[in-house]
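Novice: Pasting input-v2.pdb here (PDB, C-alpha atoms):
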ATOM      1  CA  MET A  23       0.000   0.000   0.000
ATOM      2  CA  LYS A  24       1.447   3.346  -1.074
ATOM      3  CA  LEU A  25       1.015   6.162   1.436
ATOM      4  CA  PHE A  26       1.901   8.979  -0.946
ATOM      5  CA  GLY A  27       0.504   7.765  -4.232
ATOM      6  CA  LYS A  28       2.328   6.122  -7.087
ATOM      7  CA  ALA A  29       6.056   5.588  -6.630
ATOM      8  CA  LYS A  30       8.256   7.729  -8.810
ATOM      9  CA  LYS A  31      10.584   6.168 -11.285
ATOM     10  CA  ALA A  32      14.166   6.080 -10.002
ATOM     11  CA  PRO A  33      16.497   8.453 -11.833
ATOM     12  CA  PRO A  34      19.554   7.071 -13.588
ATOM     13  CA  PRO A  35      22.720   6.649 -11.504
ATOM     14  CA  SER A  36      24.443   9.647 -13.079
ATOM     15  CA  GLU A  37      21.574  11.954 -12.140
ATOM     16  CA  SER A  38      21.429  10.622  -8.563
ATOM     17  CA  ILE A  39      25.180  11.038  -8.149
ATOM     18  CA  ALA A  40      25.000  14.603  -9.476
ATOM     19  CA  ARG A  41      22.238  15.513  -6.998
ATOM     20  CA  LEU A  42      24.111  13.943  -4.098
ATOM     21  CA  ARG A  43      27.257  15.863  -5.000
ATOM     22  CA  ASP A  44      25.254  19.112  -5.083
ATOM     23  CA  THR A  45      23.965  18.296  -1.607
ATOM     24  CA  LEU A  46      27.522  17.664  -0.446
ATOM     25  CA  GLY A  47      28.511  21.079  -1.704
ATOM     26  CA  THR A  48      25.640  22.709   0.217
ATOM     27  CA  LEU A  49      26.569  20.852   3.408
ATOM     28  CA  GLU A  50      30.205  21.880   3.071
ATOM     29  CA  LYS A  51      29.191  25.520   2.771
ATOM     30  CA  ARG A  52      26.951  25.162   5.822
ATOM     31  CA  GLU A  53      29.762  23.497   7.750
ATOM     32  CA  ASP A  54      32.168  26.300   6.857
ATOM     33  CA  TYR A  55      29.618  28.857   8.026
ATOM     34  CA  LEU A  56      29.124  27.076  11.364
ATOM     35  CA  GLN A  57      32.870  26.767  11.828
ATOM     36  CA  ALA A  58      33.204  30.488  11.386
ATOM     37  CA  LYS A  59      30.463  31.070  13.963
ATOM     38  CA  CYS A  60      32.247  28.715  16.389
ATOM     39  CA  ASN A  61      35.476  30.649  15.970
ATOM     40  CA  MET A  62      33.669  33.935  16.568
ATOM     41  CA  GLU A  63      31.975  32.678  19.757
ATOM     42  CA  THR A  64      35.272  31.285  20.989
ATOM     43  CA  GLU A  65      36.908  34.698  20.594
ATOM     44  CA  LYS A  66      33.980  36.354  22.356
ATOM     45  CA  ALA A  67      34.205  33.929  25.296
ATOM     46  CA  ARG A  68      37.940  34.468  25.554
ATOM     47  CA  ALA A  69      37.537  38.261  25.494
ATOM     48  CA  ASN A  70      34.882  38.251  28.241
ATOM     49  CA  ALA A  71      36.261  35.463  30.418
ATOM     50  CA  ARG A  72      37.454  37.916  33.121
ATOM     51  CA  THR A  73      35.379  41.021  32.526
ATOM     52  CA  ASN A  74      31.895  39.611  31.816
ATOM     53  CA  ARG A  75      31.470  36.001  32.835
ATOM     54  CA  ARG A  76      27.796  35.765  31.816
ATOM     55  CA  VAL A  77      28.544  36.878  28.257
ATOM     56  CA  ALA A  78      31.429  34.423  28.067
ATOM     57  CA  LEU A  79      29.220  31.538  29.183
ATOM     58  CA  MET A  80      26.513  32.382  26.627
ATOM     59  CA  ALA A  81      29.154  32.502  23.910
ATOM     60  CA  LEU A  82      30.383  29.044  24.897
ATOM     61  CA  LYS A  83      26.808  27.684  24.822
ATOM     62  CA  ARG A  84      26.299  28.995  21.300
ATOM     63  CA  LYS A  85      29.627  27.521  20.340
ATOM     64  CA  ARG A  86      28.529  24.095  21.613
ATOM     65  CA  THR A  87      25.298  24.401  19.652
ATOM     66  CA  TYR A  88      27.190  25.195  16.455
ATOM     67  CA  GLU A  89      29.545  22.282  17.070
ATOM     68  CA  SER A  90      26.597  19.936  17.549
ATOM     69  CA  GLN A  91      25.155  21.043  14.216
ATOM     70  CA  MET A  92      28.560  20.597  12.598
ATOM     71  CA  ASN A  93      28.740  17.018  13.895
ATOM     72  CA  LYS A  94      25.354  16.246  12.393
ATOM     73  CA  ILE A  95      26.399  17.761   9.082
ATOM     74  CA  SER A  96      29.593  15.731   9.165
ATOM     75  CA  GLN A  97      27.579  12.531   9.675
ATOM     76  CA  ALA A  98      25.239  13.506   6.835
ATOM     77  CA  ARG A  99      28.214  14.155   4.559
ATOM     78  CA  PHE A 100      29.685  10.762   5.418
ATOM     79  CA  THR A 101      26.343   9.080   4.644
ATOM     80  CA  ILE A 102      26.033  10.881   1.300
ATOM     81  CA  GLU A 103      29.630  10.078   0.322
ATOM     82  CA  THR A 104      28.959   6.427   1.158
ATOM     83  CA  GLN A 105      25.817   6.496  -0.980
ATOM     84  CA  ILE A 106      27.752   7.977  -3.895
ATOM     85  CA  MET A 107      30.375   5.248  -3.598
ATOM     86  CA  TYR A 108      27.762   2.471  -3.572
ATOM     87  CA  ILE A 109      25.815   4.006  -6.455
ATOM     88  CA  GLU A 110      28.997   4.266  -8.528
ATOM     89  CA  ASN A 111      29.849   0.644  -7.745
ATOM     90  CA  ALA A 112      26.312  -0.457  -8.590
ATOM     91  CA  ALA A 113      26.394   1.513 -11.849
ATOM     92  CA  THR A 114      29.739  -0.066 -12.766
ATOM     93  CA  ASN A 115      28.407  -3.535 -11.980
ATOM     94  CA  LEU A 116      25.248  -2.860 -13.978
ATOM     95  CA  GLU A 117      27.254  -1.650 -16.965
ATOM     96  CA  ALA A 118      29.523  -4.705 -16.768
ATOM     97  CA  MET A 119      26.521  -7.032 -16.506
ATOM     98  CA  GLN A 120      24.810  -5.383 -19.487
ATOM     99  CA  ALA A 121      28.001  -5.656 -21.518
ATOM    100  CA  MET A 122      28.360  -9.350 -20.626
ATOM    101  CA  GLU A 123      24.704  -9.944 -21.423
ATOM    102  CA  LEU A 124      25.128  -8.278 -24.799
ATOM    103  CA  GLY A 125      28.242 -10.348 -25.431
ATOM    104  CA  ALA A 126      26.402 -13.546 -24.514
ATOM    105  CA  GLN A 127      23.542 -12.681 -26.879
ATOM    106  CA  THR A 128      25.986 -11.896 -29.689
ATOM    107  CA  LEU A 129      27.844 -15.161 -29.097
ATOM    108  CA  GLN A 130      24.600 -17.123 -29.007
ATOM    109  CA  ASP A 131      23.394 -15.492 -32.222
ATOM    110  CA  THR A 132      26.738 -16.182 -33.897
ATOM    111  CA  GLN A 133      26.693 -19.823 -32.832
ATOM    112  CA  ARG A 134      23.129 -20.126 -34.093
ATOM    113  CA  ARG A 135      24.356 -19.121 -37.550
ATOM    114  CA  MET A 136      27.400 -21.404 -37.440
ATOM    115  CA  THR A 137      27.368 -25.043 -36.320
ATOM    116  CA  VAL A 138      30.132 -27.607 -36.075
ATOM    117  CA  ASN A 139      28.846 -29.309 -39.216
ATOM    118  CA  ASP A 140      28.973 -26.002 -41.061
ATOM    119  CA  VAL A 141      32.596 -25.536 -40.043
ATOM    120  CA  ASP A 142      33.470 -29.096 -41.152
ATOM    121  CA  ASN A 143      31.771 -28.527 -44.510
ATOM    122  CA  ILE A 144      33.601 -25.252 -45.001
ATOM    123  CA  MET A 145      36.945 -26.854 -44.172
ATOM    124  CA  ASP A 146      36.253 -29.735 -46.566
ATOM    125  CA  ASN A 147      35.354 -27.241 -49.268
ATOM    126  CA  ILE A 148      38.573 -25.323 -48.644
ATOM    127  CA  ARG A 149      40.651 -28.514 -48.870
ATOM    128  CA  GLU A 150      38.887 -29.465 -52.098
ATOM    129  CA  GLN A 151      39.545 -26.065 -53.613
ATOM    130  CA  MET A 152      43.196 -26.281 -52.576
ATOM    131  CA  ASP A 153      43.508 -29.684 -54.275
ATOM    132  CA  VAL A 154      41.958 -28.256 -57.439
ATOM    133  CA  GLN A 155      44.359 -25.336 -57.304
ATOM    134  CA  ASP A 156      47.305 -27.733 -56.955
ATOM    135  CA  GLU A 157      46.143 -29.633 -60.031
ATOM    136  CA  ILE A 158      45.782 -26.371 -61.936
ATOM    137  CA  SER A 159      49.283 -25.293 -60.895
ATOM    138  CA  GLU A 160      50.667 -28.673 -61.943
ATOM    139  CA  ALA A 161      48.963 -28.388 -65.340
ATOM    140  CA  ILE A 162      50.237 -24.850 -65.875
ATOM    141  CA  SER A 163      53.798 -25.887 -65.039
ATOM    142  CA  GLN A 164      53.872 -28.463 -67.885
ATOM    143  CA  PRO A 165      55.944 -27.302 -70.911
ATOM    144  CA  LEU A 166      53.966 -26.384 -74.005
ATOM    145  CA  GLY A 167      54.432 -28.104 -77.399
ATOM    146  CA  MET A 168      56.278 -31.109 -76.008
ATOM    147  CA  GLU A 169      55.043 -34.684 -75.823
ATOM    148  CA  THR A 170      55.153 -36.360 -72.440
ATOM    149  CA  PHE A 171      57.068 -39.634 -72.223
ATOM    150  CA  ASP A 172      57.023 -42.586 -69.903
ATOM    151  CA  ASP A 173      60.186 -42.600 -67.804
ATOM    152  CA  ASP A 174      60.157 -46.430 -67.483
ATOM    153  CA  GLU A 175      60.066 -46.885 -71.243
ATOM    154  CA  LEU A 176      62.941 -44.434 -71.657
ATOM    155  CA  GLU A 177      65.013 -46.296 -69.070
ATOM    156  CA  GLU A 178      64.392 -49.622 -70.840
ATOM    157  CA  GLU A 179      65.411 -48.178 -74.202
ATOM    158  CA  LEU A 180      68.559 -46.734 -72.647
ATOM    159  CA  ARG A 181      69.521 -50.120 -71.219
ATOM    160  CA  GLU A 182      69.068 -51.717 -74.643
ATOM    161  CA  LEU A 183      71.337 -49.097 -76.220
ATOM    162  CA  GLU A 184      73.978 -49.715 -73.568
ATOM    163  CA  SER A 185      73.853 -53.496 -74.188
ATOM    164  CA  LEU A 186      74.155 -52.950 -77.952
ATOM    165  CA  GLN A 187      77.138 -50.652 -77.471
ATOM    166  CA  ILE A 188      78.909 -53.226 -75.289
ATOM    167  CA  SER A 189      78.309 -55.930 -77.908
ATOM    168  CA  GLU A 190      79.752 -53.705 -80.651
ATOM    169  CA  GLN A 191      82.830 -52.997 -78.568
ATOM    170  CA  LEU A 192      83.396 -56.703 -77.971
ATOM    171  CA  ASN A 193      83.077 -57.469 -81.681
ATOM    172  CA  ALA A 194      85.511 -54.705 -82.531
ATOM    173  CA  MET A 195      88.249 -56.132 -80.308
ATOM    174  CA  PRO A 196      91.304 -57.592 -82.330
ATOM    175  CA  THR A 197      91.701 -61.361 -82.652
ATOM    176  CA  THR A 198      94.774 -63.357 -81.578
ATOM    177  CA  GLU A 199      96.136 -63.680 -85.173
ATOM    178  CA  GLY A 200      99.490 -61.981 -85.630
ATOM    179  CA  LEU A 201     100.111 -61.831 -81.826
ATOM    180  CA  PRO A 202     103.027 -63.729 -80.225
ATOM    181  CA  ALA A 203     102.105 -67.220 -79.248
ATOM    182  CA  THR A 204     101.501 -67.834 -75.618
ATOM    183  CA  SER A 205     103.243 -70.541 -73.666
ATOM    184  CA  SER A 206     100.173 -72.710 -73.940
ATOM    185  CA  GLU A 207     100.140 -72.270 -77.704
ATOM    186  CA  VAL A 208     103.833 -73.082 -77.959
ATOM    187  CA  ALA A 209     103.456 -76.143 -75.834
ATOM    188  CA  ALA A 210     100.496 -77.396 -77.820
ATOM    189  CA  PRO A 211     101.183 -80.474 -79.954
ATOM    190  CA  ALA A 212     101.478 -80.067 -83.723
ATOM    191  CA  GLU A 213      98.378 -80.735 -85.720
ATOM    192  CA  PRO A 214      98.335 -83.501 -88.300
ATOM    193  CA  ALA A 215      99.238 -82.602 -91.870
ATOM    194  CA  SER A 216      95.734 -83.302 -93.124
ATOM    195  CA  ALA A 217      94.183 -80.912 -90.613
ATOM    196  CA  SER A 218      96.704 -78.230 -91.518
ATOM    197  CA  ALA A 219      95.969 -78.626 -95.203
ATOM    198  CA  ALA A 220      92.255 -78.346 -94.588
ATOM    199  CA  LYS A 221      92.767 -75.094 -92.691
ATOM    200  CA  ASP A 222      94.892 -73.720 -95.532
ATOM    201  CA  ASP A 223      92.143 -74.541 -98.009
ATOM    202  CA  GLU A 224      89.576 -72.838 -95.816
ATOM    203  CA  SER A 225      91.761 -69.775 -95.428
ATOM    204  CA  ALA A 226      92.281 -69.562 -99.171
ATOM    205  CA  GLU A 227      88.577 -69.901 -99.837
ATOM    206  CA  LEU A 228      87.781 -67.236 -97.216
ATOM    207  CA  ALA A 229      90.313 -64.889 -98.849
ATOM    208  CA  LYS A 230      88.705 -65.368-102.247
ATOM    209  CA  LEU A 231      85.274 -64.631-100.760
ATOM    210  CA  GLU A 232      86.499 -61.451 -99.131
ATOM    211  CA  ALA A 233      88.156 -60.349-102.413
ATOM    212  CA  ALA A 234      84.919 -60.958-104.315
ATOM    213  CA  MET A 235      82.924 -58.938-101.757
ATOM    214  CA  ALA A 236      85.449 -56.133-101.920
ATOM    215  CA  ALA A 237      85.012 -55.980-105.709
ATOM    216  CA  PHE A 238      81.365 -55.044-105.226
TER     217      PHE A 238
END
Rewrite the coordinates I just gave you, this time as structure tokens.
Specialist:
Amino acid sequence: MKLFGKAKKAPPPSESIARLRDTLGTLEKREDYLQAKCNMETEKARANARTNRRVALMALKRKRTYESQMNKISQARFTIETQIMYIENAATNLEAMQAMELGAQTLQDTQRRMTVNDVDNIMDNIREQMDVQDEISEAISQPLGMETFDDDELEEELRELESLQISEQLNAMPTTEGLPATSSEVAAPAEPASASAAKDDESAELAKLEAAMAAF
């Protein structure tokens, strides 16, 4: 039940802090005024302490009254300063909470637009595009106007050429005719006369054949 009607809407923290600081300023001015009055009454009591005791006592009473008011103002100032501190802390906490809430909403909205499956699909797509790009780079790096060859076939052909070259070198080596006879040849027994005659006939026939081929 509201005794004074509908409750007013609370002002924002900045406005409350500004009003409290204005009140602090007013209280400080009031405190300075009372301090000045206390000093004045103290001087009056000191001046009349021997000559007019009644006046001195009244001055001291007024001084005590001013000091009592100053104590109350000091307590009020302390209360207001404490309120300002708590309001500032509450405003800071509220701002931090609102910022965190906004961050949580942004993160939630972002995650709603992006799932783990979406990330996996994107990464797969990136890998696929990279593979395609590698194939394109490989194709571009191939020389133009030249036929591609199988390296294995080229190696096999090279081996055949090497074998053919070795065979030709062996065939081109000089025979033992005309060279000094080895010890084994010297020690060999003489062939029969018939065998020697047959070899002479063969040699003569071979010479005739070579002469005929040379004529062509």
Novice: To one decimal place, how far is CA of Val77 in chain A from CA of Asn61 in chain A in Å?
Specialist: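 Distance between the two atoms: 15.4 Å.
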Novice: When you draw a straight line from CA of Leu42 in chain A to CA of Ala112 in chain A, how long is it in Å?
Specialist: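 The value is 15.2 Å.
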Novice: Just give me the gap between CA of Lys85 in chain A and CA of Thr73 in chain A in Å, one decimal is fine.
Specialist: 19.1 Å
Novice: Using the chain letters and numbers from the file, give me the residues hit by the PyMOL selection byres ((chain A and resi 35) around 12), as a list in words.
Specialist: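 Taken on the displayed file, the PyMOL selection byres ((chain A and resi 35) around 12) yields the residues Ala32, Pro33, Pro34, Ser36, Glu37, Ser38, Ile39, Ala40, Arg41, Leu42, Gln105, Ile106, Met107, Tyr108, Ile109, Glu110, Asn111, Ala112, Ala113, Thr114, Asn115, Leu116 and Glu117 of chain A.
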